[in-house]
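The structure appears right after this line, and notes come after that.
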Amino acid sequence: MAEIDKALPNDIRPDEVAEEIDVEEVEELKGPVEVTEDAEGATIDFDPTAMSMPQEGDHFANLNELLPDEDTDAIGNQLQNDYMEYKMSRKDWERAYITGLDLLGFKYTNRTEPFQGASGATHPVLAEAVTQFQALAYKELMPADGPVRTQVMGKTDPQKEMQAQRVKNFMNYQLMDQMKEYEPDFDQMLFYLPLAGSTFKKVYYDDLLGRAVSKFVPADDLVVPYTATSLDDAESVIHVVKMSEN
């Protein structure tokens with residue numbers, strides 16, 4: 001969108017300029033033209049078919065609906081290539097992780113090696129260590145009065161102490177009462193943490209529920225470069241979301 005606005009000389013009347021502008025010719029070459037009310041300028045839309053960009057302040061707009069197809073296709077192809085490359089870089093970790101799950105002792109296999117009827121039981125020592133870690137960590141990180149603690153930085157006074165207490169009470173209320181999935185997902189995360197070495201929580205605002213949610217993301221569903229030392233250093237962070245056909 002371009003705007004033409006130029007002051008007219010004193011000896012030229014606006015109506016004379018309006019008569020000299022061939023609006024149809026300009027529309028054919030450049031696009032729709034809208035002459036200003038005072039006839040001192042005109043607004044030309046050079047690309048009337050382009051999709052309008054979000055207005056200022058529309059921070060949560062879906063960029064996939066705003067960008068042209070050639071841009072989204074290129075981004076999608078790059079993301080798919082990154083996903084395959086990251087999966088290959090951590091294949092040794094995935095193999096060890098899957099083997100660790102098999103050694104938990106929760107399932108019995110009917111073996112034929114080294115002979116038919118050989119015992120397929122696995123000692124649950126790994127499962128015992130995992131559950132002990134889960135119980136101790138849950139007790140420490142999820143006390144009865146809630147997981148949130150507050151600390152006043154700098155000089156304290158009764159007003160700041162009361163404010164910190166209000167923040168603590170409100171956050172614990174949100175996590176333990178409003179966010180129904182927080183406690184069970186947190187308990188499940190503590191079980192997988194000693195097995196995988198890393199687990200993640202994804203906190204975001206859910207438009208359907210109308211509140212913030214905190215979901216447990218297993219390490220095998222979060223794909224990053226294996227050489228990345230942190231999520232901040234990763235070139236991209238890919239969250240694999242499993243969805244049903246519905």
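Naming works like this for the structure tokens: A, B, ... for the chains as they're shown, residue 1 at the start of each chain, ligands 1 onward in shown order.
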Residue list (strand (DSSP E), DSSP) for region 168-222 of chain A, as a list of chain:residue names: A:Phe200, A:Lys201, A:Lys202, A:Val203, A:Tyr204, A:Tyr205, A:Asp206, A:Arg211, A:Ala212, A:Val213, A:Ser214, A:Lys215, A:Phe216, A:Val217, A:Leu222
Write the residues you've just listed into a file as a compact mmCIF listing (two decimals), in the first residue's frame, and include all heavy atoms for each of them.
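out_33.txt, freshly written:
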```txt
# COMPACT_ATOMS: atom_id res chain seq x y z
N PHE A 200 10.32 -32.82 30.39
CA PHE A 200 9.97 -31.43 30.14
C PHE A 200 8.50 -31.19 30.51
O PHE A 200 7.67 -32.09 30.45
CB PHE A 200 10.20 -31.08 28.67
CG PHE A 200 11.59 -31.37 28.18
CD1 PHE A 200 11.92 -32.60 27.63
CD2 PHE A 200 12.59 -30.41 28.30
CE1 PHE A 200 13.20 -32.88 27.19
CE2 PHE A 200 13.88 -30.68 27.88
CZ PHE A 200 14.18 -31.92 27.32
N LYS A 201 8.23 -29.95 30.89
CA LYS A 201 6.87 -29.49 31.12
C LYS A 201 6.59 -28.34 30.15
O LYS A 201 7.39 -27.41 30.03
CB LYS A 201 6.70 -29.00 32.56
CG LYS A 201 6.75 -30.11 33.59
CD LYS A 201 5.40 -30.80 33.75
CE LYS A 201 4.54 -30.06 34.74
NZ LYS A 201 3.25 -30.74 35.00
N LYS A 202 5.46 -28.43 29.50
CA LYS A 202 5.06 -27.39 28.55
C LYS A 202 3.91 -26.60 29.15
O LYS A 202 2.82 -27.15 29.36
CB LYS A 202 4.65 -28.03 27.21
CG LYS A 202 4.33 -27.01 26.12
CD LYS A 202 4.03 -27.71 24.81
CE LYS A 202 3.75 -26.70 23.70
NZ LYS A 202 3.47 -27.37 22.40
N VAL A 203 4.15 -25.34 29.42
CA VAL A 203 3.15 -24.48 30.04
C VAL A 203 2.69 -23.46 29.00
O VAL A 203 3.51 -22.74 28.42
CB VAL A 203 3.72 -23.76 31.29
CG1 VAL A 203 2.64 -22.91 31.95
CG2 VAL A 203 4.27 -24.78 32.28
N TYR A 204 1.39 -23.39 28.77
CA TYR A 204 0.85 -22.46 27.78
C TYR A 204 -0.61 -22.18 28.11
O TYR A 204 -1.22 -22.85 28.95
CB TYR A 204 0.96 -23.04 26.36
CG TYR A 204 0.20 -24.34 26.16
CD1 TYR A 204 -1.07 -24.35 25.61
CD2 TYR A 204 0.78 -25.55 26.51
CE1 TYR A 204 -1.77 -25.52 25.43
CE2 TYR A 204 0.09 -26.73 26.34
CZ TYR A 204 -1.17 -26.72 25.79
OH TYR A 204 -1.86 -27.90 25.62
N TYR A 205 -1.16 -21.18 27.45
CA TYR A 205 -2.57 -20.81 27.67
C TYR A 205 -3.44 -21.56 26.67
O TYR A 205 -3.21 -21.50 25.45
CB TYR A 205 -2.76 -19.30 27.50
CG TYR A 205 -4.17 -18.85 27.80
CD1 TYR A 205 -4.58 -18.60 29.12
CD2 TYR A 205 -5.10 -18.67 26.78
CE1 TYR A 205 -5.87 -18.20 29.40
CE2 TYR A 205 -6.39 -18.27 27.05
CZ TYR A 205 -6.77 -18.03 28.36
OH TYR A 205 -8.06 -17.63 28.64
N ASP A 206 -4.41 -22.27 27.16
CA ASP A 206 -5.33 -23.05 26.34
C ASP A 206 -6.60 -22.24 26.11
O ASP A 206 -7.33 -21.94 27.06
CB ASP A 206 -5.65 -24.38 27.01
CG ASP A 206 -6.34 -25.35 26.07
OD1 ASP A 206 -7.33 -24.94 25.43
OD2 ASP A 206 -5.89 -26.51 25.98
N ARG A 211 -7.72 -21.17 30.34
CA ARG A 211 -6.77 -21.06 31.45
C ARG A 211 -5.41 -21.60 31.00
O ARG A 211 -5.29 -22.19 29.92
CB ARG A 211 -7.26 -21.86 32.67
CG ARG A 211 -7.42 -23.35 32.40
CD ARG A 211 -7.73 -24.10 33.68
NE ARG A 211 -7.99 -25.51 33.43
CZ ARG A 211 -7.04 -26.43 33.32
NH1 ARG A 211 -5.76 -26.08 33.42
NH2 ARG A 211 -7.36 -27.70 33.11
N ALA A 212 -4.42 -21.39 31.85
CA ALA A 212 -3.09 -21.95 31.58
C ALA A 212 -3.09 -23.44 31.90
O ALA A 212 -3.79 -23.90 32.81
CB ALA A 212 -2.04 -21.22 32.41
N VAL A 213 -2.32 -24.19 31.14
CA VAL A 213 -2.17 -25.63 31.36
C VAL A 213 -0.69 -25.96 31.44
O VAL A 213 0.16 -25.24 30.91
CB VAL A 213 -2.84 -26.46 30.24
CG1 VAL A 213 -4.33 -26.23 30.21
CG2 VAL A 213 -2.23 -26.11 28.89
N SER A 214 -0.38 -27.06 32.12
CA SER A 214 0.99 -27.53 32.27
C SER A 214 1.02 -29.01 31.93
O SER A 214 0.54 -29.83 32.72
CB SER A 214 1.50 -27.28 33.69
OG SER A 214 2.81 -27.80 33.87
N LYS A 215 1.54 -29.35 30.76
CA LYS A 215 1.53 -30.72 30.26
C LYS A 215 2.93 -31.32 30.34
O LYS A 215 3.94 -30.65 30.08
CB LYS A 215 1.04 -30.76 28.81
CG LYS A 215 -0.40 -30.29 28.63
CD LYS A 215 -1.38 -31.24 29.29
CE LYS A 215 -2.83 -30.84 29.02
NZ LYS A 215 -3.19 -30.96 27.61
N PHE A 216 2.97 -32.61 30.69
CA PHE A 216 4.21 -33.36 30.72
C PHE A 216 4.58 -33.78 29.29
O PHE A 216 3.76 -34.34 28.57
CB PHE A 216 4.07 -34.59 31.62
CG PHE A 216 5.10 -35.65 31.38
CD1 PHE A 216 6.45 -35.38 31.52
CD2 PHE A 216 4.72 -36.94 31.04
CE1 PHE A 216 7.41 -36.35 31.30
CE2 PHE A 216 5.66 -37.92 30.83
CZ PHE A 216 7.02 -37.63 30.96
N VAL A 217 5.82 -33.49 28.89
CA VAL A 217 6.31 -33.85 27.56
C VAL A 217 7.46 -34.83 27.74
O VAL A 217 8.53 -34.45 28.25
CB VAL A 217 6.78 -32.61 26.77
CG1 VAL A 217 7.30 -33.02 25.40
CG2 VAL A 217 5.66 -31.60 26.64
N LEU A 222 10.22 -34.76 22.47
CA LEU A 222 10.83 -33.44 22.26
C LEU A 222 12.15 -33.66 21.54
O LEU A 222 13.10 -34.19 22.11
CB LEU A 222 11.07 -32.73 23.60
CG LEU A 222 11.36 -31.23 23.46
CD1 LEU A 222 10.06 -30.47 23.24
CD2 LEU A 222 12.07 -30.69 24.68
```
Interface rows for region 169-222 of chain A against region 140-156 of chain A: nearest pair, Å to one decimal, 8 Å, only C-alpha atoms, as a tab-separated table:
```
residue	atom	partner	partner_atom	distance
A:Met171	CA	A:Val148	CA	6.6
A:Asn172	CA	A:Gly146	CA	5.3
A:Met176	CA	A:Gly146	CA	7.1
```
Excluding Phe133 (chain A) and residues on its chain fewer than 2 positions from it, collect all residues at most 8 Å away from it, counting only C-alpha atoms, and give them as an mmCIF file with C-alpha atoms, in the first residue's frame.
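What landed in part-v4.cif:
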```
data_model
loop_
_atom_site.group_PDB
_atom_site.id
_atom_site.type_symbol
_atom_site.label_atom_id
_atom_site.label_comp_id
_atom_site.auth_asym_id
_atom_site.auth_seq_id
_atom_site.Cartn_x
_atom_site.Cartn_y
_atom_site.Cartn_z
ATOM 1 C CA ALA A 129 15.168 -47.465 42.060
ATOM 2 C CA VAL A 130 12.871 -45.443 39.787
ATOM 3 C CA THR A 131 9.892 -45.589 42.165
ATOM 4 C CA ALA A 135 8.551 -40.929 45.857
ATOM 5 C CA LEU A 136 11.395 -38.895 47.369
ATOM 6 C CA ALA A 137 11.296 -36.229 44.671
ATOM 7 C CA LEU A 190 9.156 -37.860 38.020
ATOM 8 C CA PHE A 191 8.841 -41.540 37.028
ATOM 9 C CA PRO A 194 15.560 -41.171 36.050
#
```
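The spacing separating CA of Glu181 (chain A) from CA of Trp93 (chain A) amounts to 28.5 Å.
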Region 228-242 of chain A environment, 12 Å, only C-alpha atoms, sequence neighbours closer than 4 positions dropped, as a ChimeraX atom specification: /A:75-76,78-87,89-90,198,200-202,215-224,246
Mind dumping the selected residues with N, CA and C atoms as a CSV table (one decimal), in the first residue's frame?
```
chain,number,residue,atom,x,y,z
A,75,ILE,N,9.4,-23.6,5.0
A,75,ILE,CA,9.6,-23.8,6.4
A,75,ILE,C,9.3,-25.2,6.8
A,76,GLY,N,8.2,-25.7,6.3
A,76,GLY,CA,7.8,-27.1,6.6
A,76,GLY,C,8.8,-28.1,6.1
A,78,GLN,N,12.1,-27.6,5.7
A,78,GLN,CA,13.2,-27.4,6.6
A,78,GLN,C,13.0,-28.1,7.9
A,79,LEU,N,11.8,-27.9,8.5
A,79,LEU,CA,11.5,-28.5,9.8
A,79,LEU,C,11.5,-30.0,9.7
A,80,GLN,N,11.0,-30.6,8.6
A,80,GLN,CA,11.0,-32.0,8.4
A,80,GLN,C,12.4,-32.6,8.3
A,81,ASN,N,13.3,-31.9,7.6
A,81,ASN,CA,14.7,-32.3,7.4
A,81,ASN,C,15.4,-32.2,8.8
A,82,ASP,N,15.1,-31.1,9.6
A,82,ASP,CA,15.7,-31.0,10.9
A,82,ASP,C,15.3,-32.2,11.8
A,83,TYR,N,14.0,-32.5,11.7
A,83,TYR,CA,13.5,-33.6,12.6
A,83,TYR,C,14.2,-34.9,12.3
A,84,MET,N,14.3,-35.2,11.0
A,84,MET,CA,15.0,-36.5,10.7
A,84,MET,C,16.5,-36.5,11.1
A,85,GLU,N,17.1,-35.3,10.9
A,85,GLU,CA,18.5,-35.2,11.3
A,85,GLU,C,18.7,-35.3,12.8
A,86,TYR,N,17.8,-34.7,13.6
A,86,TYR,CA,17.9,-34.7,15.0
A,86,TYR,C,17.6,-36.2,15.5
A,87,LYS,N,16.7,-36.9,14.9
A,87,LYS,CA,16.4,-38.2,15.3
A,87,LYS,C,17.6,-39.1,15.1
A,89,SER,N,20.7,-38.2,15.1
A,89,SER,CA,21.8,-37.9,15.9
A,89,SER,C,21.7,-38.5,17.3
A,90,ARG,N,20.5,-38.8,17.7
A,90,ARG,CA,20.2,-39.3,19.1
A,90,ARG,C,19.8,-40.8,19.1
A,198,SER,N,16.2,-36.7,31.1
A,198,SER,CA,15.6,-35.4,30.9
A,198,SER,C,14.1,-35.5,30.6
A,200,PHE,N,10.3,-32.8,30.4
A,200,PHE,CA,10.0,-31.4,30.1
A,200,PHE,C,8.5,-31.2,30.5
A,201,LYS,N,8.2,-29.9,30.9
A,201,LYS,CA,6.9,-29.5,31.1
A,201,LYS,C,6.6,-28.3,30.2
A,202,LYS,N,5.5,-28.4,29.5
A,202,LYS,CA,5.1,-27.4,28.5
A,202,LYS,C,3.9,-26.6,29.1
A,215,LYS,N,1.5,-29.4,30.8
A,215,LYS,CA,1.5,-30.7,30.3
A,215,LYS,C,2.9,-31.3,30.3
A,216,PHE,N,3.0,-32.6,30.7
A,216,PHE,CA,4.2,-33.4,30.7
A,216,PHE,C,4.6,-33.8,29.3
A,217,VAL,N,5.8,-33.5,28.9
A,217,VAL,CA,6.3,-33.9,27.6
A,217,VAL,C,7.5,-34.8,27.7
A,218,PRO,N,7.3,-36.1,27.4
A,218,PRO,CA,8.4,-37.1,27.5
A,218,PRO,C,9.6,-36.7,26.6
A,219,ALA,N,10.8,-37.1,27.0
A,219,ALA,CA,12.0,-36.8,26.3
A,219,ALA,C,11.9,-37.3,24.8
A,220,ASP,N,11.3,-38.4,24.6
A,220,ASP,CA,11.3,-39.0,23.2
A,220,ASP,C,10.3,-38.2,22.3
A,221,ASP,N,9.4,-37.3,22.9
A,221,ASP,CA,8.6,-36.5,22.1
A,221,ASP,C,9.1,-35.1,21.9
A,222,LEU,N,10.2,-34.8,22.5
A,222,LEU,CA,10.8,-33.4,22.3
A,222,LEU,C,12.2,-33.7,21.5
A,223,VAL,N,12.2,-33.3,20.3
A,223,VAL,CA,13.3,-33.6,19.4
A,223,VAL,C,14.2,-32.3,19.2
A,224,VAL,N,15.4,-32.3,19.6
A,224,VAL,CA,16.4,-31.2,19.5
A,224,VAL,C,17.7,-31.8,19.1
A,246,ASN,N,-9.6,-38.4,14.6
A,246,ASN,CA,-10.7,-37.5,14.9
A,246,ASN,C,-10.2,-36.1,15.1
```
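Pairwise distance (CA of Val125 (chain A), CA of Leu104 (chain A)) equals 7.6 Å.
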